[in-house]
Amino acid sequence: MSKLSDHAIIITGASSGIGEATARLLAQEGAAVTLAARRAARLEALKGEIESAGGRALVVEADVTDRAACQRLVDQTLDAFGRLDVLINNAGVMPLSFVKNARVDEWEQMVSVNINGVLYCTAAALPHFVEQEGGHIVNVSSVAGRRVFMGGAVYCATKFAVTAFSEGLRMELGPKYGIRVTCIEPGAVATELSNSIADEEYQAKSKFDATPLESEDIAEAIRYALTAPPRATVHEVLVMPTNQRM
Ligand SMILES: NC(=O)c1ccc[n+]([C@@H]2O[C@H](COP(=O)([O-])OP(=O)(O)OC[C@H]3O[C@@H](n4cnc5c(N)ncnc54)[C@H](OP(=O)(O)O)[C@@H]3O)[C@@H](O)[C@H]2O)c1
């Protein structure tokens, strides 16, 4: 029996990329997965695929910038599966741009999704984790939560926030409640994430010549953290493409 076979796991941003690959892998391991994002049709397709393979999945259409929707996400998971063991805060956006172009709407969107979304989902799940004196929160930060790059000032600021919040969570929740906290820090991964970059000056000047990771590489890192023995918190995992310098 897999270590995850009795687990119920929420994954935000499960409609594509890292979240989708993680949901698929954890469902294969026997976990019941709640698939959350805004594009419900893609979540339904993934649920169909997981169920055809004998797995269990629930779709919850949710915008993580909506605090009430994050609470519903937790409540519906508890209703459907009768338990909640893991919250994976993965939803994120990355409309990179140069600061002087002041694309303030995009800055607000990054703060809302990448920071507030993580806070809202965590707040919704925490009372349950505290009461059961156990649980696991996985926050998908980035190498951009460790170092800043040109065009990434605001995105990096949001990911530094996620990394800092993860450390604070670990300190407060691990020793007292046995809740584990993992911060996953991918380098470049081949996903849809950069599709939202609209700053033409940034597009013209940016160049990336490394071979990106696949979403499955990050899903494996998350599985590693989740299946460590309860005494061990895998707190930070940085996964870089072998030929990516920064
Ligand atoms: N790709 C990389 O190179 C890379 C590197 C480091 C870290 N990361 C991080 O990895 C995470 C996943 O990104 P990805 O690379 O897999 O990109 P992706 O394929 O674009 O996936 C992003 C996911 O976030 C969801 N999302 C966006 N806004 C949302 C909102 N308001 N409410 C709910 N869900 C929302 C999207 O779903 P909907 O649009 O359907 O809502 C989608 O499922 C992000 O936190 C990203 O910052 C990625």
# chains A, B, ... in the order shown; residues from 1 in each chain; ligands from 1

call {"tool": "residues_around", "arguments": {"residues": "Val86 in chain A", "least_positions_apart": "5", "cutoff": "6 Å", "atoms": "only C-alpha atoms", "output": "number ranges by chain"}}
result
A: 9, 135-137

call {"tool": "residues_near_ligand", "arguments": {"ligand": "ligand 1", "cutoff": "6 Å", "atoms": "only C-alpha atoms and all ligand atoms", "output": "PyMOL selection string"}}
result
chain A and resi 12-19+37-39+62-65+90-93+113+140-142+186-193

call {"tool": "write_last_selection", "arguments": {"atoms": "N, CA, C and O atoms", "output": "short mmCIF file (atom, residue, chain, number, x, y, z; two decimals), in the first residue's frame"}}
result
data_model
loop_
_atom_site.label_atom_id
_atom_site.label_comp_id
_atom_site.auth_asym_id
_atom_site.auth_seq_id
_atom_site.Cartn_x
_atom_site.Cartn_y
_atom_site.Cartn_z
N THR A 12 -4.12 23.33 -5.81
CA THR A 12 -4.59 24.51 -6.56
C THR A 12 -3.77 24.64 -7.84
O THR A 12 -2.62 24.20 -7.90
N GLY A 13 -4.39 25.22 -8.86
CA GLY A 13 -3.70 25.33 -10.14
C GLY A 13 -3.52 23.96 -10.79
O GLY A 13 -2.50 23.69 -11.43
N ALA A 14 -4.55 23.11 -10.67
CA ALA A 14 -4.44 21.74 -11.19
C ALA A 14 -4.85 21.64 -12.66
O ALA A 14 -4.85 20.54 -13.21
N SER A 15 -5.21 22.76 -13.28
CA SER A 15 -5.70 22.69 -14.65
C SER A 15 -4.59 22.64 -15.69
O SER A 15 -4.85 22.44 -16.87
N SER A 16 -3.35 22.85 -15.28
CA SER A 16 -2.24 22.76 -16.24
C SER A 16 -0.90 22.61 -15.51
O SER A 16 -0.84 22.69 -14.28
N GLY A 17 0.13 22.37 -16.28
CA GLY A 17 1.51 22.43 -15.79
C GLY A 17 1.80 21.57 -14.56
O GLY A 17 1.43 20.39 -14.49
N ILE A 18 2.48 22.18 -13.61
CA ILE A 18 2.96 21.47 -12.42
C ILE A 18 1.80 20.91 -11.60
O ILE A 18 1.86 19.77 -11.13
N GLY A 19 0.73 21.67 -11.46
CA GLY A 19 -0.41 21.21 -10.67
C GLY A 19 -1.06 19.99 -11.30
O GLY A 19 -1.41 19.03 -10.61
N ALA A 37 -9.01 25.13 -9.75
CA ALA A 37 -8.53 26.17 -10.66
C ALA A 37 -9.77 26.87 -11.21
O ALA A 37 -10.89 26.57 -10.78
N ARG A 38 -9.57 27.78 -12.17
CA ARG A 38 -10.74 28.46 -12.75
C ARG A 38 -11.26 27.73 -13.98
O ARG A 38 -12.44 27.73 -14.25
N ARG A 39 -10.38 27.07 -14.75
CA ARG A 39 -10.83 26.43 -16.01
C ARG A 39 -11.42 25.04 -15.70
O ARG A 39 -10.71 24.03 -15.74
N ALA A 62 -12.46 27.16 -8.59
CA ALA A 62 -12.18 28.16 -7.55
C ALA A 62 -11.13 29.15 -8.03
O ALA A 62 -10.12 28.77 -8.61
N ASP A 63 -11.40 30.42 -7.78
CA ASP A 63 -10.42 31.48 -8.01
C ASP A 63 -9.76 31.74 -6.65
O ASP A 63 -10.45 32.16 -5.71
N VAL A 64 -8.46 31.52 -6.55
CA VAL A 64 -7.82 31.62 -5.23
C VAL A 64 -7.71 33.06 -4.72
O VAL A 64 -7.33 33.28 -3.57
N THR A 65 -8.06 34.03 -5.56
CA THR A 65 -8.06 35.42 -5.08
C THR A 65 -9.37 35.73 -4.33
O THR A 65 -9.53 36.83 -3.81
N ASN A 90 -0.28 25.76 -5.25
CA ASN A 90 0.51 25.77 -6.48
C ASN A 90 0.08 26.86 -7.47
O ASN A 90 0.90 27.31 -8.28
N ALA A 91 -1.17 27.31 -7.42
CA ALA A 91 -1.66 28.28 -8.41
C ALA A 91 -0.75 29.51 -8.42
O ALA A 91 -0.36 30.02 -7.37
N GLY A 92 -0.43 29.98 -9.62
CA GLY A 92 0.42 31.16 -9.72
C GLY A 92 0.38 31.76 -11.11
O GLY A 92 -0.03 31.10 -12.08
N VAL A 93 0.77 33.03 -11.20
CA VAL A 93 0.86 33.72 -12.49
C VAL A 93 2.19 34.46 -12.56
O VAL A 93 2.76 34.83 -11.53
N VAL A 113 -2.85 36.53 -6.69
CA VAL A 113 -2.82 35.07 -6.89
C VAL A 113 -1.67 34.45 -6.09
O VAL A 113 -1.87 33.51 -5.31
N VAL A 140 4.29 26.12 -3.56
CA VAL A 140 5.16 26.15 -4.74
C VAL A 140 5.66 27.58 -4.91
O VAL A 140 4.94 28.46 -5.38
N SER A 141 6.88 27.80 -4.45
CA SER A 141 7.56 29.09 -4.64
C SER A 141 8.35 28.98 -5.94
O SER A 141 7.82 28.51 -6.95
N SER A 142 9.61 29.35 -5.92
CA SER A 142 10.39 29.35 -7.16
C SER A 142 11.85 29.64 -6.81
O SER A 142 12.14 30.17 -5.73
N PRO A 186 11.10 25.54 -7.97
CA PRO A 186 11.56 25.11 -9.28
C PRO A 186 12.35 26.21 -10.01
O PRO A 186 12.05 27.40 -9.87
N GLY A 187 13.34 25.78 -10.80
CA GLY A 187 13.88 26.65 -11.84
C GLY A 187 12.89 26.59 -13.00
O GLY A 187 11.72 26.28 -12.82
N ALA A 188 13.36 26.88 -14.20
CA ALA A 188 12.44 26.96 -15.34
C ALA A 188 11.82 25.60 -15.66
O ALA A 188 12.51 24.59 -15.72
N VAL A 189 10.49 25.61 -15.83
CA VAL A 189 9.73 24.41 -16.17
C VAL A 189 8.92 24.71 -17.42
O VAL A 189 8.34 25.81 -17.54
N ALA A 190 8.85 23.76 -18.34
CA ALA A 190 8.08 23.96 -19.58
C ALA A 190 6.59 23.85 -19.29
O ALA A 190 6.05 22.75 -19.18
N THR A 191 5.92 24.99 -19.08
CA THR A 191 4.47 25.04 -18.81
C THR A 191 3.89 26.24 -19.55
O THR A 191 4.59 26.92 -20.31
N GLU A 192 2.62 26.53 -19.25
CA GLU A 192 1.95 27.69 -19.87
C GLU A 192 2.26 28.99 -19.13
O GLU A 192 1.71 30.04 -19.47
N LEU A 193 3.09 28.93 -18.09
CA LEU A 193 3.23 30.07 -17.18
C LEU A 193 3.64 31.37 -17.87
O LEU A 193 3.16 32.44 -17.53
#

call {"tool": "select_by_dssp", "arguments": {"residues": "range 174-235 of chain A", "states": "helix (DSSP H, G or I)", "output": "PyMOL selection string"}}
result
chain A and resi 174-177+193-196+200-205+215-227

call {"tool": "residues_around", "arguments": {"residues": "Leu84 in chain A", "least_positions_apart": "2", "cutoff": "8 Å", "atoms": "only C-alpha atoms", "output": "ChimeraX atom specification"}}
result
/A:7-10,74,77-78,81-82,86-87,128-129,135

call {"tool": "closest_residue", "arguments": {"among": "A:Ala69, A:Val143, A:Val154, A:Leu226", "to": "Val239 in chain A", "atoms": "only C-alpha atoms"}}
result
A:Val143

call {"tool": "residues_around", "arguments": {"residues": "Thr211 in chain A", "least_positions_apart": "3", "cutoff": "8 Å", "atoms": "only C-alpha atoms", "output": "ChimeraX atom specification"}}
result
/A:241-244

call {"tool": "atom_distance", "arguments": {"atom1": "CA of Ala161 in chain A", "atom2": "CA of Glu216 in chain A"}}
result
24.9 Å

call {"tool": "decode", "arguments": {"residues": "range 107-142 of chain A", "atoms": "N, CA and C atoms", "output": "PDB file, in the first residue's frame"}}
result
ATOM      1  N   TRP A 107       0.899  43.684 -11.686  1.00  0.00           N
ATOM      2  CA  TRP A 107       1.509  43.565 -10.353  1.00  0.00           C
ATOM      3  C   TRP A 107       0.445  43.132  -9.336  1.00  0.00           C
ATOM      4  N   GLU A 108      -0.733  43.773  -9.446  1.00  0.00           N
ATOM      5  CA  GLU A 108      -1.803  43.438  -8.489  1.00  0.00           C
ATOM      6  C   GLU A 108      -2.253  41.988  -8.667  1.00  0.00           C
ATOM      7  N   GLN A 109      -2.320  41.562  -9.923  1.00  0.00           N
ATOM      8  CA  GLN A 109      -2.744  40.170 -10.168  1.00  0.00           C
ATOM      9  C   GLN A 109      -1.741  39.198  -9.543  1.00  0.00           C
ATOM     10  N   MET A 110      -0.448  39.479  -9.689  1.00  0.00           N
ATOM     11  CA  MET A 110       0.575  38.588  -9.102  1.00  0.00           C
ATOM     12  C   MET A 110       0.475  38.567  -7.576  1.00  0.00           C
ATOM     13  N   VAL A 111       0.275  39.735  -6.976  1.00  0.00           N
ATOM     14  CA  VAL A 111       0.135  39.778  -5.516  1.00  0.00           C
ATOM     15  C   VAL A 111      -1.116  39.000  -5.095  1.00  0.00           C
ATOM     16  N   SER A 112      -2.210  39.184  -5.842  1.00  0.00           N
ATOM     17  CA  SER A 112      -3.483  38.533  -5.470  1.00  0.00           C
ATOM     18  C   SER A 112      -3.389  37.022  -5.569  1.00  0.00           C
ATOM     19  N   VAL A 113      -2.848  36.529  -6.689  1.00  0.00           N
ATOM     20  CA  VAL A 113      -2.818  35.067  -6.886  1.00  0.00           C
ATOM     21  C   VAL A 113      -1.671  34.451  -6.087  1.00  0.00           C
ATOM     22  N   ASN A 114      -0.462  34.992  -6.281  1.00  0.00           N
ATOM     23  CA  ASN A 114       0.732  34.323  -5.743  1.00  0.00           C
ATOM     24  C   ASN A 114       0.873  34.473  -4.229  1.00  0.00           C
ATOM     25  N   ILE A 115       0.391  35.587  -3.683  1.00  0.00           N
ATOM     26  CA  ILE A 115       0.489  35.763  -2.221  1.00  0.00           C
ATOM     27  C   ILE A 115      -0.872  35.534  -1.561  1.00  0.00           C
ATOM     28  N   ASN A 116      -1.879  36.350  -1.920  1.00  0.00           N
ATOM     29  CA  ASN A 116      -3.165  36.224  -1.217  1.00  0.00           C
ATOM     30  C   ASN A 116      -3.769  34.841  -1.391  1.00  0.00           C
ATOM     31  N   GLY A 117      -3.635  34.268  -2.586  1.00  0.00           N
ATOM     32  CA  GLY A 117      -4.190  32.931  -2.815  1.00  0.00           C
ATOM     33  C   GLY A 117      -3.592  31.917  -1.859  1.00  0.00           C
ATOM     34  N   VAL A 118      -2.294  32.005  -1.648  1.00  0.00           N
ATOM     35  CA  VAL A 118      -1.615  31.089  -0.713  1.00  0.00           C
ATOM     36  C   VAL A 118      -2.118  31.333   0.717  1.00  0.00           C
ATOM     37  N   LEU A 119      -2.259  32.607   1.081  1.00  0.00           N
ATOM     38  CA  LEU A 119      -2.714  32.927   2.446  1.00  0.00           C
ATOM     39  C   LEU A 119      -4.151  32.457   2.665  1.00  0.00           C
ATOM     40  N   TYR A 120      -5.023  32.711   1.693  1.00  0.00           N
ATOM     41  CA  TYR A 120      -6.444  32.354   1.868  1.00  0.00           C
ATOM     42  C   TYR A 120      -6.619  30.832   1.990  1.00  0.00           C
ATOM     43  N   CYS A 121      -5.955  30.089   1.113  1.00  0.00           N
ATOM     44  CA  CYS A 121      -6.111  28.618   1.163  1.00  0.00           C
ATOM     45  C   CYS A 121      -5.510  28.069   2.458  1.00  0.00           C
ATOM     46  N   THR A 122      -4.388  28.631   2.860  1.00  0.00           N
ATOM     47  CA  THR A 122      -3.769  28.181   4.115  1.00  0.00           C
ATOM     48  C   THR A 122      -4.695  28.473   5.292  1.00  0.00           C
ATOM     49  N   ALA A 123      -5.259  29.662   5.323  1.00  0.00           N
ATOM     50  CA  ALA A 123      -6.159  30.027   6.429  1.00  0.00           C
ATOM     51  C   ALA A 123      -7.365  29.102   6.476  1.00  0.00           C
ATOM     52  N   ALA A 124      -7.849  28.696   5.307  1.00  0.00           N
ATOM     53  CA  ALA A 124      -9.033  27.827   5.261  1.00  0.00           C
ATOM     54  C   ALA A 124      -8.704  26.415   5.769  1.00  0.00           C
ATOM     55  N   ALA A 125      -7.505  25.932   5.463  1.00  0.00           N
ATOM     56  CA  ALA A 125      -7.143  24.552   5.835  1.00  0.00           C
ATOM     57  C   ALA A 125      -6.621  24.446   7.266  1.00  0.00           C
ATOM     58  N   LEU A 126      -6.053  25.528   7.773  1.00  0.00           N
ATOM     59  CA  LEU A 126      -5.339  25.449   9.057  1.00  0.00           C
ATOM     60  C   LEU A 126      -6.160  24.985  10.262  1.00  0.00           C
ATOM     61  N   PRO A 127      -7.390  25.494  10.439  1.00  0.00           N
ATOM     62  CA  PRO A 127      -8.138  25.043  11.632  1.00  0.00           C
ATOM     63  C   PRO A 127      -8.277  23.526  11.658  1.00  0.00           C
ATOM     64  N   HIS A 128      -8.473  22.936  10.493  1.00  0.00           N
ATOM     65  CA  HIS A 128      -8.598  21.475  10.410  1.00  0.00           C
ATOM     66  C   HIS A 128      -7.266  20.806  10.763  1.00  0.00           C
ATOM     67  N   PHE A 129      -6.176  21.296  10.221  1.00  0.00           N
ATOM     68  CA  PHE A 129      -4.860  20.708  10.505  1.00  0.00           C
ATOM     69  C   PHE A 129      -4.508  20.853  11.990  1.00  0.00           C
ATOM     70  N   VAL A 130      -4.813  22.015  12.565  1.00  0.00           N
ATOM     71  CA  VAL A 130      -4.498  22.243  13.980  1.00  0.00           C
ATOM     72  C   VAL A 130      -5.319  21.290  14.844  1.00  0.00           C
ATOM     73  N   GLU A 131      -6.593  21.158  14.506  1.00  0.00           N
ATOM     74  CA  GLU A 131      -7.459  20.282  15.310  1.00  0.00           C
ATOM     75  C   GLU A 131      -6.984  18.821  15.259  1.00  0.00           C
ATOM     76  N   GLN A 132      -6.573  18.383  14.075  1.00  0.00           N
ATOM     77  CA  GLN A 132      -6.145  16.977  13.979  1.00  0.00           C
ATOM     78  C   GLN A 132      -4.661  16.791  14.327  1.00  0.00           C
ATOM     79  N   GLU A 133      -4.009  17.919  14.665  1.00  0.00           N
ATOM     80  CA  GLU A 133      -2.582  17.895  15.022  1.00  0.00           C
ATOM     81  C   GLU A 133      -1.765  17.144  13.985  1.00  0.00           C
ATOM     82  N   GLY A 134      -1.962  17.543  12.748  1.00  0.00           N
ATOM     83  CA  GLY A 134      -1.196  16.965  11.649  1.00  0.00           C
ATOM     84  C   GLY A 134      -1.703  17.499  10.330  1.00  0.00           C
ATOM     85  N   GLY A 135      -0.872  17.343   9.335  1.00  0.00           N
ATOM     86  CA  GLY A 135      -1.219  17.845   8.004  1.00  0.00           C
ATOM     87  C   GLY A 135       0.061  18.286   7.327  1.00  0.00           C
ATOM     88  N   HIS A 136      -0.055  18.636   6.051  1.00  0.00           N
ATOM     89  CA  HIS A 136       1.140  19.015   5.303  1.00  0.00           C
ATOM     90  C   HIS A 136       0.744  20.135   4.333  1.00  0.00           C
ATOM     91  N   ILE A 137       1.473  21.229   4.408  1.00  0.00           N
ATOM     92  CA  ILE A 137       1.245  22.338   3.476  1.00  0.00           C
ATOM     93  C   ILE A 137       2.453  22.420   2.544  1.00  0.00           C
ATOM     94  N   VAL A 138       2.190  22.337   1.250  1.00  0.00           N
ATOM     95  CA  VAL A 138       3.259  22.465   0.251  1.00  0.00           C
ATOM     96  C   VAL A 138       3.028  23.764  -0.513  1.00  0.00           C
ATOM     97  N   ASN A 139       3.972  24.668  -0.436  1.00  0.00           N
ATOM     98  CA  ASN A 139       3.871  25.922  -1.182  1.00  0.00           C
ATOM     99  C   ASN A 139       4.818  25.880  -2.373  1.00  0.00           C
ATOM    100  N   VAL A 140       4.293  26.119  -3.560  1.00  0.00           N
ATOM    101  CA  VAL A 140       5.159  26.150  -4.736  1.00  0.00           C
ATOM    102  C   VAL A 140       5.655  27.582  -4.905  1.00  0.00           C
ATOM    103  N   SER A 141       6.885  27.800  -4.447  1.00  0.00           N
ATOM    104  CA  SER A 141       7.560  29.089  -4.638  1.00  0.00           C
ATOM    105  C   SER A 141       8.350  28.985  -5.937  1.00  0.00           C
ATOM    106  N   SER A 142       9.607  29.345  -5.922  1.00  0.00           N
ATOM    107  CA  SER A 142      10.394  29.346  -7.162  1.00  0.00           C
ATOM    108  C   SER A 142      11.851  29.643  -6.814  1.00  0.00           C
TER     109      SER A 142
END
